[in-house]
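Asks: As input, take entry_25.txt (compact mmCIF, C-alpha atoms):
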```txt
# COMPACT_ATOMS: atom_id res chain seq x y z
CA MET Y 15 0.00 0.00 0.00
CA THR Y 16 1.46 3.33 -0.99
CA GLU Y 17 1.58 5.94 1.71
CA SER Y 18 0.66 9.51 0.92
CA PRO Y 19 3.09 12.14 2.10
CA THR Y 20 2.38 13.81 5.41
CA GLU Y 21 3.26 17.23 6.75
CA GLU Y 22 5.67 15.65 9.24
CA GLU Y 23 7.50 13.67 6.57
CA ASP Y 24 11.20 14.30 6.38
CA TYR Y 25 11.80 15.68 2.92
CA SER Y 26 15.24 17.09 3.43
CA ALA Y 27 17.02 14.14 1.82
CA GLU Y 28 16.92 13.04 -1.80
CA THR Y 29 14.03 15.22 -2.91
CA LEU Y 30 14.06 16.64 -6.43
CA SER Y 31 15.44 20.02 -7.39
CA VAL Y 32 12.85 22.77 -7.95
CA GLU Y 33 13.28 22.45 -11.73
CA GLU Y 34 12.78 18.70 -11.64
CA ALA Y 35 9.78 19.06 -9.32
CA ASN Y 36 8.24 21.63 -11.67
CA GLU Y 37 8.72 19.22 -14.54
CA LEU Y 38 6.79 16.60 -12.59
CA VAL Y 39 3.97 19.09 -12.06
CA LEU Y 40 3.78 19.86 -15.78
CA LYS Y 41 3.93 16.19 -16.67
CA HIS Y 42 1.15 15.11 -14.30
CA ARG Y 43 -1.11 18.16 -14.39
CA GLY Y 44 -3.69 16.55 -16.69
CA TRP Y 45 -3.80 13.48 -14.47
CA ALA Y 46 -4.33 15.54 -11.30
CA GLU Y 47 -7.17 17.39 -13.05
CA SER Y 48 -8.72 14.04 -13.95
CA ILE Y 49 -8.81 13.14 -10.25
CA ALA Y 50 -10.55 16.43 -9.45
CA ARG Y 51 -13.05 15.77 -12.26
CA SER Y 52 -13.77 12.27 -10.89
CA VAL Y 53 -14.51 13.61 -7.42
CA ALA Y 54 -16.77 16.31 -8.91
CA ARG Y 55 -18.59 13.76 -11.09
CA ALA Y 56 -19.30 11.49 -8.09
CA TRP Y 57 -20.98 14.29 -6.16
CA ASN Y 58 -22.52 16.15 -9.07
CA LEU Y 59 -20.35 19.24 -8.61
CA ASP Y 60 -18.49 21.49 -11.04
CA TRP Y 61 -14.79 20.68 -10.79
CA GLN Y 62 -13.76 24.23 -11.69
CA MET Y 63 -16.57 26.36 -10.24
CA ASP Y 64 -16.37 24.49 -6.94
CA GLY Y 65 -12.61 24.89 -6.73
CA LEU Y 66 -11.56 21.28 -7.02
CA ASP Y 67 -9.09 22.10 -9.81
CA GLY Y 68 -7.10 24.47 -7.59
CA ALA Y 69 -7.05 22.03 -4.67
CA ALA Y 70 -5.79 19.23 -6.92
CA MET Y 71 -3.04 21.45 -8.34
CA GLU Y 72 -1.93 22.56 -4.88
CA ALA Y 73 -1.72 18.94 -3.76
CA LEU Y 74 0.22 18.04 -6.91
CA ILE Y 75 2.76 20.79 -6.24
CA PHE Y 76 2.99 19.76 -2.57
CA CYS Y 77 3.73 16.16 -3.57
CA SER Y 78 6.26 17.15 -6.24
CA ARG Y 79 8.28 19.03 -3.59
CA ARG Y 80 8.35 16.06 -1.24
CA TYR Y 81 8.76 13.21 -3.70
CA THR Y 82 11.92 11.14 -3.30
CA PRO Y 83 12.46 8.94 -6.37
CA ASP Y 84 15.08 6.83 -4.57
CA ARG Y 85 12.36 5.12 -2.59
CA GLY Y 86 11.31 3.40 -5.81
CA VAL Y 87 7.62 4.40 -5.61
CA PRO Y 88 6.18 5.78 -8.88
CA PHE Y 89 5.09 9.42 -8.54
CA ARG Y 90 1.45 8.73 -9.33
CA GLY Y 91 1.29 5.97 -6.72
CA TYR Y 92 2.80 8.39 -4.22
CA ALA Y 93 0.60 11.40 -5.00
CA ARG Y 94 -2.81 9.97 -5.93
CA ARG Y 95 -4.38 9.71 -2.48
CA ARG Y 96 -3.15 13.15 -1.46
CA ILE Y 97 -4.63 14.75 -4.59
CA HIS Y 98 -7.90 12.88 -4.09
CA GLU Y 99 -8.05 13.91 -0.44
CA ALA Y 100 -7.44 17.57 -1.34
CA SER Y 101 -10.17 17.41 -4.00
CA THR Y 102 -12.71 15.89 -1.60
CA GLU Y 103 -11.90 18.48 1.06
CA ALA Y 104 -12.41 21.28 -1.48
CA ALA Y 105 -15.68 19.65 -2.56
CA ARG Y 106 -17.01 19.56 1.00
CA LYS Y 107 -16.18 23.22 1.51
CA SER Y 108 -17.68 24.29 -1.81
CA LYS Y 109 -20.90 26.22 -2.35
CA GLY Y 110 -22.21 23.39 -4.51
CA TRP Y 111 -21.99 21.02 -1.56
CA SER Y 112 -23.81 23.13 0.98
CA LYS Y 113 -26.47 24.93 -1.04
CA ASP Y 114 -30.05 23.86 -0.34
CA ASP Y 115 -30.84 22.78 -3.89
CA SER Y 116 -27.85 20.42 -3.98
CA GLY Y 117 -30.17 17.44 -3.81
CA THR Y 118 -32.74 15.95 -1.47
CA ARG Y 119 -32.02 15.24 2.20
CA ASN Y 120 -31.27 11.63 1.29
CA GLU Y 121 -28.81 12.67 -1.42
CA ARG Y 122 -26.99 14.85 1.07
CA LEU Y 123 -26.89 11.99 3.60
CA ALA Y 124 -25.51 9.68 0.89
CA ARG Y 125 -22.78 12.22 0.09
CA GLU Y 126 -21.79 12.50 3.76
CA ALA Y 127 -21.76 8.73 4.10
CA SER Y 128 -19.58 8.39 0.99
CA VAL Y 129 -17.02 10.77 2.50
CA GLU Y 130 -16.88 8.56 5.59
CA LEU Y 131 -16.43 5.51 3.37
CA LEU Y 132 -13.42 7.16 1.73
CA ASN Y 133 -11.88 7.63 5.18
CA LEU Y 134 -12.72 4.11 6.34
CA PHE Y 135 -11.51 2.51 3.09
CA PRO Y 136 -8.69 4.80 1.86
CA GLU Y 137 -7.82 2.39 -0.96
CA LEU Y 138 -10.89 3.82 -2.76
CA ARG Y 139 -8.96 7.07 -3.19
CA GLY Y 140 -6.39 5.11 -5.16
CA GLY Y 141 -9.11 3.60 -7.38
CA GLN Y 142 -9.07 0.23 -5.63
CA LEU Y 143 -11.81 -1.74 -3.92
CA PRO Y 144 -11.18 -3.11 -0.41
CA GLY Y 145 -9.37 -6.45 -0.61
CA ALA Y 146 -11.29 -9.66 -0.08
CA LEU Y 147 -10.71 -11.61 3.12
CA ASP Y 148 -9.69 -14.73 1.18
CA GLU Y 149 -7.60 -12.70 -1.29
CA ALA Y 150 -10.05 -13.60 -4.06
CA SER Y 151 -9.47 -11.73 -7.30
CA GLY Y 152 -11.49 -10.84 -10.42
CA GLU Y 153 -15.25 -10.52 -10.13
CA GLN Y 154 -15.40 -12.48 -6.85
CA GLY Y 155 -12.83 -10.14 -5.31
CA ALA Y 156 -14.71 -7.08 -6.58
CA ARG Y 157 -18.01 -8.37 -5.14
CA ALA Y 158 -16.37 -9.09 -1.78
CA GLY Y 159 -15.01 -5.52 -1.74
CA ILE Y 160 -18.43 -4.11 -2.59
CA ARG Y 161 -20.03 -6.15 0.22
CA GLN Y 162 -17.59 -4.60 2.69
CA LEU Y 163 -18.51 -1.13 1.43
CA LEU Y 164 -22.24 -1.86 1.72
CA ILE Y 165 -21.91 -3.01 5.33
CA GLY Y 166 -19.62 -0.09 6.14
CA ALA Y 167 -22.23 2.28 4.69
CA THR Y 168 -24.97 0.48 6.66
CA LEU Y 169 -23.14 1.20 9.92
CA VAL Y 170 -22.46 4.82 8.94
CA THR Y 171 -26.08 5.45 7.93
CA THR Y 172 -27.37 3.70 11.05
CA ARG Y 173 -25.42 6.18 13.14
CA GLN Y 174 -26.65 9.06 10.95
CA GLY Y 175 -30.22 7.76 11.15
CA LEU Y 176 -30.18 7.38 14.91
CA ASP Y 177 -29.29 11.04 15.16
CA ALA Y 178 -32.27 12.25 13.16
CA ALA Y 179 -34.87 9.50 12.94
CA SER Y 180 -38.55 9.66 13.79
CA PRO Y 181 -39.70 7.27 16.61
CA ASP Y 182 -40.91 4.69 14.05
CA GLU Y 183 -37.67 4.79 12.09
CA LEU Y 184 -35.70 4.60 15.32
CA MET Y 185 -37.07 1.12 16.00
CA ASP Y 186 -35.73 -0.09 12.64
CA TYR Y 187 -32.30 1.41 13.20
CA LYS Y 188 -32.09 -0.11 16.67
CA LYS Y 189 -32.61 -3.58 15.19
CA SER Y 190 -29.31 -3.26 13.32
CA ILE Y 191 -27.58 -2.14 16.52
CA LYS Y 192 -28.95 -5.13 18.44
CA LEU Y 193 -27.25 -7.40 15.93
CA VAL Y 194 -23.90 -5.79 16.69
CA THR Y 195 -24.42 -6.39 20.43
CA THR Y 196 -24.21 -10.15 19.79
CA LEU Y 197 -20.51 -9.71 18.98
CA GLU Y 198 -17.58 -10.08 21.39
CA ILE Y 199 -16.80 -6.88 23.34
CA VAL Y 200 -13.45 -6.43 21.58
CA HIS Y 201 -15.22 -6.65 18.21
CA GLN Y 202 -17.87 -4.17 19.29
CA ILE Y 203 -15.18 -1.77 20.43
CA ILE Y 204 -13.45 -1.95 17.02
CA LEU Y 205 -16.73 -1.08 15.27
CA TRP Y 206 -17.66 1.58 17.80
CA ARG Y 207 -14.32 3.38 17.57
CA MET Y 208 -14.26 3.21 13.77
CA TYR Y 209 -17.87 4.05 12.94
CA TRP Y 210 -19.01 6.10 15.91
CA GLU Y 211 -15.79 7.85 16.85
CA SER Y 212 -14.20 8.04 13.36
CA GLU Y 213 -10.95 6.50 14.61
CA SER Y 214 -8.60 4.87 12.12
CA MET Y 215 -7.62 1.21 12.34
CA ARG Y 216 -4.02 2.32 12.73
CA SER Y 217 -4.90 4.43 15.75
CA ILE Y 218 -6.88 1.60 17.37
CA ALA Y 219 -4.00 -0.84 16.83
CA SER Y 220 -1.51 1.66 18.16
CA SER Y 221 -3.56 2.26 21.34
CA TRP Y 222 -3.58 -1.51 21.89
CA GLU Y 223 0.14 -1.74 21.05
CA MET Y 224 -0.30 -4.29 18.30
CA ASP Y 225 0.21 -4.77 14.56
CA GLU Y 226 -2.33 -2.84 12.49
CA LEU Y 227 -2.98 -5.98 10.43
CA ASN Y 228 -4.78 -7.56 13.40
CA VAL Y 229 -7.40 -4.82 13.35
CA ILE Y 230 -7.57 -4.64 9.54
CA ARG Y 231 -8.20 -8.35 9.12
CA GLU Y 232 -10.62 -8.56 12.06
CA HIS Y 233 -12.57 -5.64 10.60
CA LYS Y 234 -13.00 -7.57 7.35
CA VAL Y 235 -14.20 -10.63 9.29
CA LEU Y 236 -16.72 -8.49 11.18
CA LEU Y 237 -18.09 -6.93 8.00
CA GLU Y 238 -18.43 -10.37 6.43
CA PHE Y 239 -20.32 -11.61 9.49
CA LEU Y 240 -22.64 -8.61 9.45
CA PHE Y 241 -23.30 -9.10 5.72
CA LYS Y 242 -24.30 -12.72 6.33
CA ALA Y 243 -26.33 -11.82 9.41
CA LEU Y 244 -28.27 -9.09 7.62
CA SER Y 245 -28.82 -11.00 4.40
CA HIS Y 246 -30.06 -14.21 6.06
CA THR Y 247 -33.04 -14.69 8.34
CA LYS Y 248 -30.98 -16.99 10.59
CA ALA Y 249 -27.97 -15.15 12.04
CA PRO Y 250 -24.63 -16.98 11.71
CA THR Y 251 -22.37 -17.68 14.69
CA PRO Y 252 -20.45 -14.54 15.70
CA PRO Y 253 -16.76 -14.72 14.72
CA ARG Y 254 -14.10 -15.88 17.15
CA ILE Y 255 -11.42 -13.53 18.36
CA ARG Y 256 -8.20 -13.91 16.36
CA PRO Y 257 -5.07 -14.86 18.37
CA GLY Y 258 -3.50 -11.42 17.92
CA LEU Y 259 -6.44 -9.79 19.73
CA LYS Y 260 -6.90 -12.32 22.53
CA ALA Y 261 -4.68 -10.52 25.02
CA ILE Y 262 -6.60 -7.26 24.67
CA ALA Y 263 -9.93 -9.14 24.74
CA LEU Y 264 -8.91 -10.73 28.04
CA LYS Y 265 -7.89 -7.36 29.42
CA LEU Y 266 -11.28 -5.88 28.46
CA LYS Y 267 -13.06 -8.82 30.06
CA ARG Y 268 -11.08 -8.50 33.31
CA SER Y 269 -11.78 -4.79 33.50
CA LYS Y 270 -15.47 -5.56 32.83
CA THR Y 271 -15.59 -3.08 29.95
CA PRO Y 272 -19.26 -2.72 28.98
CA SER Y 273 -20.63 -3.12 25.46
CA PRO Y 274 -20.55 0.36 23.88
CA PHE Y 275 -23.59 -0.45 21.77
CA GLN Y 276 -25.66 -1.69 24.72
CA GLU Y 277 -24.71 1.40 26.66
CA PHE Y 278 -25.77 3.47 23.67
CA LEU Y 279 -29.15 1.72 23.46
CA LYS Y 280 -29.66 2.22 27.20
CA ARG Y 281 -28.98 5.94 26.83
CA GLU Y 282 -31.41 6.14 23.90
CA GLN Y 283 -34.15 4.41 25.91
CA SER Y 284 -33.71 6.59 28.95
CA MET T 4 34.04 -59.02 -28.97
CA THR T 5 32.88 -62.50 -30.05
CA ASP T 6 32.38 -65.67 -28.02
CA LYS T 7 31.90 -69.31 -28.80
CA THR T 8 29.05 -71.22 -27.19
CA ASP T 9 28.52 -74.98 -26.78
CA LYS T 10 25.33 -76.73 -25.89
CA VAL T 11 25.41 -78.50 -22.50
CA GLY T 12 22.37 -80.68 -21.82
CA GLY T 13 20.33 -78.67 -24.25
CA LYS T 14 21.50 -75.46 -22.61
CA LYS T 15 24.06 -73.12 -24.01
CA LYS T 16 27.27 -72.55 -22.11
CA VAL T 17 29.91 -69.88 -22.63
CA GLY T 18 33.04 -71.14 -24.36
CA SER T 19 36.45 -69.54 -24.80
CA VAL T 20 36.94 -66.01 -25.95
CA GLU T 21 38.46 -65.98 -29.40
CA SER T 22 39.63 -62.46 -29.66
CA SER T 23 39.21 -59.03 -28.13
CA LYS T 24 39.84 -55.61 -29.55
CA THR T 25 42.38 -53.45 -27.80
CA THR T 26 41.50 -49.94 -26.69
CA GLU T 27 42.73 -47.35 -29.11
CA THR T 28 45.34 -44.92 -27.85
CA ILE T 29 44.30 -41.42 -26.90
CA GLU T 30 45.94 -39.14 -29.38
CA GLU T 31 45.90 -35.89 -27.41
CA ALA T 32 44.44 -34.49 -24.20
CA LYS T 33 43.33 -30.88 -24.31
CA GLY T 34 43.93 -28.59 -21.35
CA VAL T 35 40.90 -27.55 -19.32
CA GLY T 36 39.93 -24.00 -20.17
CA GLN T 37 40.10 -21.33 -17.49
CA VAL T 38 37.26 -21.40 -15.00
CA GLY T 39 35.60 -18.00 -14.70
CA ALA T 40 34.88 -16.40 -11.37
CA ILE T 41 31.57 -17.30 -9.75
CA GLN T 42 29.06 -14.60 -10.53
CA LYS T 43 27.01 -13.04 -7.76
CA THR T 44 23.38 -14.17 -7.78
CA GLY T 45 20.52 -11.71 -7.76
CA ALA T 46 19.00 -10.99 -4.37
CA ILE T 47 16.11 -13.25 -3.46
CA SER T 48 13.23 -11.21 -2.12
CA GLY T 49 11.88 -14.00 0.06
CA VAL T 50 10.47 -17.45 -0.19
CA GLY T 51 6.76 -17.84 0.21
CA LYS T 52 4.97 -20.80 1.71
CA VAL T 53 3.96 -23.57 -0.65
CA GLY T 54 0.76 -22.57 -2.37
CA GLU T 55 1.05 -18.98 -1.22
CA ASP T 56 1.64 -17.72 -4.72
CA SER T 57 -1.70 -19.00 -5.89
CA LYS T 58 -3.45 -16.94 -3.19
CA ARG T 59 -1.72 -13.59 -3.65
CA ARG T 60 -3.21 -11.31 -6.22
CA PRO T 61 -1.94 -7.90 -7.20
CA THR T 62 -4.29 -5.08 -6.28
CA ARG T 63 -5.97 -3.86 -9.44
CA THR T 64 -7.00 -0.30 -10.09
CA MET T 65 -10.57 0.15 -11.29
CA THR T 66 -11.09 1.98 -14.56
CA LEU T 67 -13.80 4.37 -15.69
CA ALA T 68 -14.78 1.87 -18.39
CA GLU T 69 -15.89 -0.50 -15.61
CA ARG T 70 -18.14 2.11 -13.96
CA GLU T 71 -21.50 0.75 -15.10
CA MET T 72 -20.46 -2.84 -14.39
CA LEU T 73 -19.37 -1.91 -10.87
CA PHE T 74 -22.60 -0.04 -10.23
CA GLU T 75 -24.56 -3.07 -11.41
CA MET T 76 -22.59 -5.21 -8.95
CA VAL T 77 -23.47 -2.75 -6.17
CA ASN T 78 -27.18 -3.13 -7.09
CA GLU T 79 -26.92 -6.92 -7.11
CA GLU T 80 -25.01 -7.21 -3.83
CA ALA T 81 -27.37 -4.70 -2.17
CA LYS T 82 -30.32 -6.82 -3.29
CA LYS T 83 -28.70 -9.88 -1.67
CA LEU T 84 -27.98 -7.92 1.50
CA PHE T 85 -31.33 -6.25 1.92
CA GLY T 86 -33.57 -8.97 0.50
CA ASP T 87 -34.88 -10.12 3.90
CA SER T 88 -33.24 -7.58 6.15
CA LYS T 89 -34.75 -5.14 8.62
CA VAL T 90 -32.94 -2.11 7.17
CA PRO T 91 -35.51 0.60 6.24
CA PRO T 92 -35.96 1.14 2.46
CA GLU T 93 -34.98 4.79 2.72
CA GLN T 94 -31.71 3.83 4.39
CA ARG T 95 -31.09 1.19 1.69
CA LYS T 96 -31.22 3.83 -1.03
CA ILE T 97 -28.79 6.07 0.89
CA ILE T 98 -26.40 3.12 1.38
CA GLU T 99 -26.42 2.16 -2.31
CA ASP T 100 -25.90 5.76 -3.41
CA ALA T 101 -23.11 6.32 -0.90
CA VAL T 102 -21.21 3.23 -2.09
CA LYS T 103 -21.61 4.26 -5.74
CA MET T 104 -20.41 7.79 -5.00
CA ALA T 105 -17.36 6.54 -3.09
CA ILE T 106 -16.42 4.16 -5.92
CA ASP T 107 -17.12 6.74 -8.63
CA SER T 108 -14.85 9.34 -7.05
CA GLY T 109 -11.90 6.96 -7.42
CA LEU T 110 -12.49 6.16 -11.11
CA VAL T 111 -10.09 8.33 -13.05
CA ASP T 112 -10.56 8.83 -16.79
CA GLU T 113 -7.23 7.50 -18.06
CA ASP T 114 -7.82 8.94 -21.55
CA GLN T 115 -7.83 12.46 -20.17
CA SER T 116 -4.91 11.91 -17.83
CA GLN T 117 -2.25 10.75 -20.28
CA GLU T 118 1.15 12.27 -19.84
```
Here is the file; what I need is its structure written in the form of structure tokens.

Replies:
Amino acid sequence: MTESPTEEEDYSAETLSVEEANELVLKHRGWAESIARSVARAWNLDWQMDGLDGAAMEALIFCSRRYTPDRGVPFRGYARRRIHEASTEAARKSKGWSKDDSGTRNERLAREASVELLNLFPELRGGQLPGALDEASGEQGARAGIRQLLIGATLVTTRQGLDAASPDELMDYKKSIKLVTTLEIVHQIILWRMYWESESMRSIASSWEMDELNVIREHKVLLEFLFKALSHTKAPTPPRIRPGLKAIALKLKRSKTPSPFQEFLKREQS
Amino acid sequence: MTDKTDKVGGKKKVGSVESSKTTETIEEAKGVGQVGAIQKTGAISGVGKVGEDSKRRPTRTMTLAEREMLFEMVNEEAKKLFGDSKVPPEQRKIIEDAVKMAIDSGLVDEDQSQE
């Protein structure tokens, strides 16, 4: 996975000269504009009027100044997510995004949910679907990735819906939450921190002092379980805790950490 | 080499050897050419487990040409997911649209982005 440059990144060594960096900008300008156009197309905005073109160019220049060819990563692989991120940020701040006639309430909710999906599944910014749990490729792999996105969006919209639902709708949303409460506490905490507190998987893994892959792979397992549970009348058995998470699961059990979703439902009822 | 055989009790037995050819002399032995220095092998990046290769797939970037096909897959998978589920219909529509928007924003038109 290619990492996008960060503000903190050390760019003192082996970066390009200003002339070389400018050449990169000229060479990849059309490509950066294409990214801005894609973001605008997805949200029915004007890539120039809404300022996505400028944001994409700024990000392209930023990346050209920090790019170190010696690391062996192609420039486009290095810069794509950053340019996409800058374009989406510009889109969210644009007039087209916030004006009242920018779609129905549901369209606006879908747009907000799609932004959260881009943060939860950053590979989308690079034009890739989330990887399948069994590493399947081709159409099967694509479908598995889409299933993850659909469940991710279900959790995001459940949270959105709980915030602004009528009493009747609230009952429906709570049914989805009750399904999540059947999971192990450690699994619930992963979902809660990701979908309710917008925390990244990296940050969760770091707070538990473990390899990020443990959280990434467990997240995929959880989404797969939720897909099966929601698409079948008979719920499947909740997934077991993977070995890499057992120590933290035990710690949570010993400290009698409550289920965040049950606590949430209790608060809603009271 | 030839040999003479006699029959013993209906069975053949080996007789004396009449003649044998001598080995021809070796006319000349050539010197062994110089052995070159052992070349350094390329670095091996790592050895995977047996069968691992068949599982690993390179991550593929989606293209704009696949847009409609991907959207159709979203519709089909959403139908599977929400067929019997308790998710409200209004929420279903938002979910489908959100997934399509997120995918669409990552589909870059390669024709317009050539160097």

Asks: Kindly provide, as a VMD selection string, the residues of chain Y having any atom no farther than 8 Å from an atom of chain T, counting all atoms listed in the file.

Replies: chain Y and resid 41 to 42 44 to 49 52 to 57 98 120 to 121 123 to 129 131 to 132 138 to 143 145 148 to 151 157 160 to 161 163 to 164 167 to 168 171 to 172 175 183 186 to 187 189 to 190 241 to 242 244 to 247

Asks: Pick out the residues sitting within 8 Å of Y:Ala69, and hand them over as a PyMOL selection string; count only C-alpha atoms, and ignore anything fewer than 2 positions along from it in its own chain.

Replies: chain Y and resi 65-67+71-73+97+100-101+104

Asks: Separation of atom CA of Y:Leu205 and atom CA of Y:Arg96, in Å?

Replies: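 These atoms are spaced 25.8 Å apart.
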
Asks: Enter the distance from atom CA of Y:Thr82 to atom CA of Y:Asn36, in Å, rounded to one decimal.

Replies: 13.9 Å

Asks: Counting only C-alpha atoms, which of Y:Ile255, Y:Leu147, Y:Ile203, Y:Leu193 gets nearest to Y:Pro274?

Replies: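 Under the stated criterion, the closest residue is Y:Ile203.
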
Asks: Box in all listed atoms of stretch 161-174 of chain Y, axis-aligned, with 3 Å more on each side; write out centre and edge lengths in Å to one decimal as AutoDock Vina command-line options.

Replies:
```
--center_x -22.5 --center_y 1.5 --center_z 6.7 --size_x 15.8 --size_y 21.2 --size_z 18.9
```

Asks: Would you mind listing what lies within 12 Å of Y:Lys260 as a PyMOL selection string, with only C-alpha atoms counted and same-chain residues fewer than 5 positions away left out?

Replies: chain Y and resi 198-201+222+224+228-229+232+254-255+265-267

Asks: How many Å separate atom CA of Y:Arg207 from atom CA of Y:Ser220?

Replies: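 Straight-line distance from atom CA of Y:Arg207 to atom CA of Y:Ser220 works out to 12.9 Å.
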
Asks: What residues have an atom no more than 12 Å from (-16.5, 4.5, 14.5) in the file's own frame, counting all atoms listed in the file, and can you write them as a PyMOL selection string?

Replies: chain Y and resi 130-131+133-134+166-167+169-174+201-215+217-218+233+274-275

Asks: Since the input lacks some atoms of stretch 228-243 of chain Y, please model N, CA and C atoms and print them as a compact mmCIF listing (two decimals), keeping the file's coordinate frame.

Replies:
```txt
# COMPACT_ATOMS: atom_id res chain seq x y z
N ASN Y 228 -3.80 -6.87 12.55
CA ASN Y 228 -4.78 -7.56 13.40
C ASN Y 228 -6.14 -6.89 13.32
N VAL Y 229 -6.13 -5.57 13.38
CA VAL Y 229 -7.40 -4.82 13.35
C VAL Y 229 -7.97 -4.84 11.93
N ILE Y 230 -7.10 -4.67 10.93
CA ILE Y 230 -7.57 -4.64 9.54
C ILE Y 230 -8.27 -5.95 9.18
N ARG Y 231 -7.62 -7.05 9.50
CA ARG Y 231 -8.20 -8.35 9.12
C ARG Y 231 -9.45 -8.67 9.95
N GLU Y 232 -9.43 -8.29 11.23
CA GLU Y 232 -10.62 -8.56 12.06
C GLU Y 232 -11.81 -7.72 11.58
N HIS Y 233 -11.52 -6.51 11.13
CA HIS Y 233 -12.57 -5.64 10.60
C HIS Y 233 -13.24 -6.30 9.40
N LYS Y 234 -12.44 -6.87 8.52
CA LYS Y 234 -13.00 -7.57 7.35
C LYS Y 234 -13.89 -8.73 7.79
N VAL Y 235 -13.43 -9.49 8.79
CA VAL Y 235 -14.20 -10.63 9.29
C VAL Y 235 -15.54 -10.14 9.86
N LEU Y 236 -15.49 -9.04 10.58
CA LEU Y 236 -16.72 -8.49 11.18
C LEU Y 236 -17.72 -8.04 10.11
N LEU Y 237 -17.20 -7.39 9.07
CA LEU Y 237 -18.09 -6.93 8.00
C LEU Y 237 -18.72 -8.13 7.27
N GLU Y 238 -17.91 -9.16 7.09
CA GLU Y 238 -18.43 -10.37 6.43
C GLU Y 238 -19.54 -11.01 7.27
N PHE Y 239 -19.31 -11.05 8.59
CA PHE Y 239 -20.32 -11.61 9.49
C PHE Y 239 -21.60 -10.78 9.41
N LEU Y 240 -21.46 -9.48 9.47
CA LEU Y 240 -22.64 -8.61 9.45
C LEU Y 240 -23.40 -8.74 8.12
N PHE Y 241 -22.64 -8.91 7.03
CA PHE Y 241 -23.30 -9.10 5.72
C PHE Y 241 -24.16 -10.37 5.76
N LYS Y 242 -23.56 -11.45 6.27
CA LYS Y 242 -24.30 -12.72 6.33
C LYS Y 242 -25.50 -12.59 7.27
N ALA Y 243 -25.26 -11.94 8.41
CA ALA Y 243 -26.33 -11.82 9.41
C ALA Y 243 -27.50 -10.99 8.88
```
